[in-house]
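Contents: one structure, followed by commentary.
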Amino acid sequence: MPNKEAYSSQQINVSKLSLIRSERLILSDVNFSVKSGKAIFLRGDNGVGKTSLLMAIAGYLHIGAGEISWRTDNDNEEENSLIDNLHFIAHQTAIKPTLSLKDNLMFWCTLYGGAPEKVIDALKTVGLSHAIDFEAGLLSAGQKKRLSLARLLVANRALWLLDEPTSSLDREGDKLVANLIDNHLERGGIAIIATHLDLNIKNAKTFILTKTNQHGEIA
Amino acid sequence: MKAFLSILLRDIKLATSSFGDMLTLVLFFIMIGVIVPIAIGPDKDLLALIAPGVIWIAAFLSSLLALDKMFRQDFDDGSLLAMRHASISFEAIVFAKLIAHWLTSILPLIIATPMLALMLNMNAQILTYTIISLTVGTPALISFGAVGAAITVSLRRGGLIAPVLILPLTLPILIFGVSAIKTGTGVGTQGTALLILGAISLVTVAFTPFASALALKLTQE
């Protein structure tokens, strides 16, 4: 069952962003903005700084210069911090091999303040309903990726930051990711996705990062 | 609160599922108590005299051995990063992990203490004081350890660096821990060492979550 709950309207602005990691300039003068219901694909060669940009938006990295701002119509001040309103799916799957799939996901659900009844639904959606009580160590790389994607579904968060969400997935998995993102955008969410794949998503723009002029461009 | 408990329960579950690690730690602790009487010789009075020191040395070394486990796995598999945007603060998460670490790595040692008492010719009263002293003092020990573990979590061989890093900070715990066993409990000159030990524990446990969380955030940059 697709979730129909809508998010309040919001916008992310990245302006004149520069990033320095280990005394090296990774990105300089990056500008873009995304509104509710839109997605941005980050593209660029390996090592150009896609993951760093995602981590900076998530607030994990110290920003050298510029600004990342987030605006929302939600009046509830308690919920108005960006770090509480995002999902970040990184390369690492954050899965404990000795716990069952259900326990793995239930943990993240509780930690993110989601509703426990969503866990089973989420596992069904990502196609792991047959293995709910298996130990997660038995999963293949693609299945582990699916399990980590299920984290997106257990708690409602408006901003999705996805770093190579389709890595090690099969073709069905690629479609699944596209469907999840489409559904998220329809509800008024925002997605920023670093990927090399052409995912079929309607409301998406592409943002290209290049090494030569570290500025990004909207294509 | 639910999120806090979920971290606590998960860490305990993970620790008990690798039961071998827990057992190794306890055996290491007991091993020190076994080799000391053999090395010193069968002098019962001498053994009783040095017993408080030996037990604290054993607890100290065993707790250093377990330090690396506190954050290493969660750092390597990306869990720590995903915990950064939880519904509770990262500091609270670190605090929950600290409590879970005490319950799974230190509590088994305290439970195993009577076995050492047997080897070291301790009487019942000294044993009671030892257990109280360890219970009060070890939170401070792992608090300093948590800061060291957080700082070195990104280093491959961090397991050996963290203990060296925190060693100077933990010396007061050893000094007051041992004298708390010798002087006993209660207020007045007799129990002062235990009170100071308790104070050290309370202060370090209060500050550690913030220091460790900051160190972890910096290593993730």
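Residue numbering restarts at 1 for every chain of the structure tokens, chains are lettered A, B, ... in their displayed order, and ligands are numbered from 1 as they appear.
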Where does chain B meet chain A within 6 Å, residue by residue, with the nearest atom pair and distance in Å to one decimal for each, counting only C-alpha atoms, listed by chain and rising number, as a Markdown table?
| residue | atom | partner | partner_atom | distance |
| --- | --- | --- | --- | --- |
| B:Ala3 | CA | A:Leu111 | CA | 4.5 |
| B:Asp77 | CA | A:Ala94 | CA | 4.9 |
| B:Gly78 | CA | A:Ala94 | CA | 4.7 |
| B:Ser79 | CA | A:Ala94 | CA | 4.4 |
| B:His85 | CA | A:Ile83 | CA | 5.2 |
| B:Ala86 | CA | A:Tyr112 | CA | 4.8 |
| B:Ser87 | CA | A:Tyr112 | CA | 5.0 |
| B:Glu221 | CA | A:Leu61 | CA | 5.1 |
DSSP alpha helix (DSSP H) residues within range 14-174 of chain B, listed as a VMD selection string: chain B and resid 14 to 17 19 to 40 44 to 67 72 to 76 79 to 83 90 to 101 107 to 119 124 to 151 158 to 174
Selection near range 188-196 of chain A, 10 Å with only C-alpha atoms, sequence-local residues under 6 positions removed, as a VMD selection string: chain A and resid 5 to 12 34 to 46 49 to 51 53 to 54 57 86 to 89 156 to 167 181 to 182 204 to 207
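Nearest-residue note for Thr135 in chain B: choosing from B:Leu160, B:Ile93, B:Leu80, B:Leu194, the minimum distance belongs to B:Leu194, counting only C-alpha atoms.
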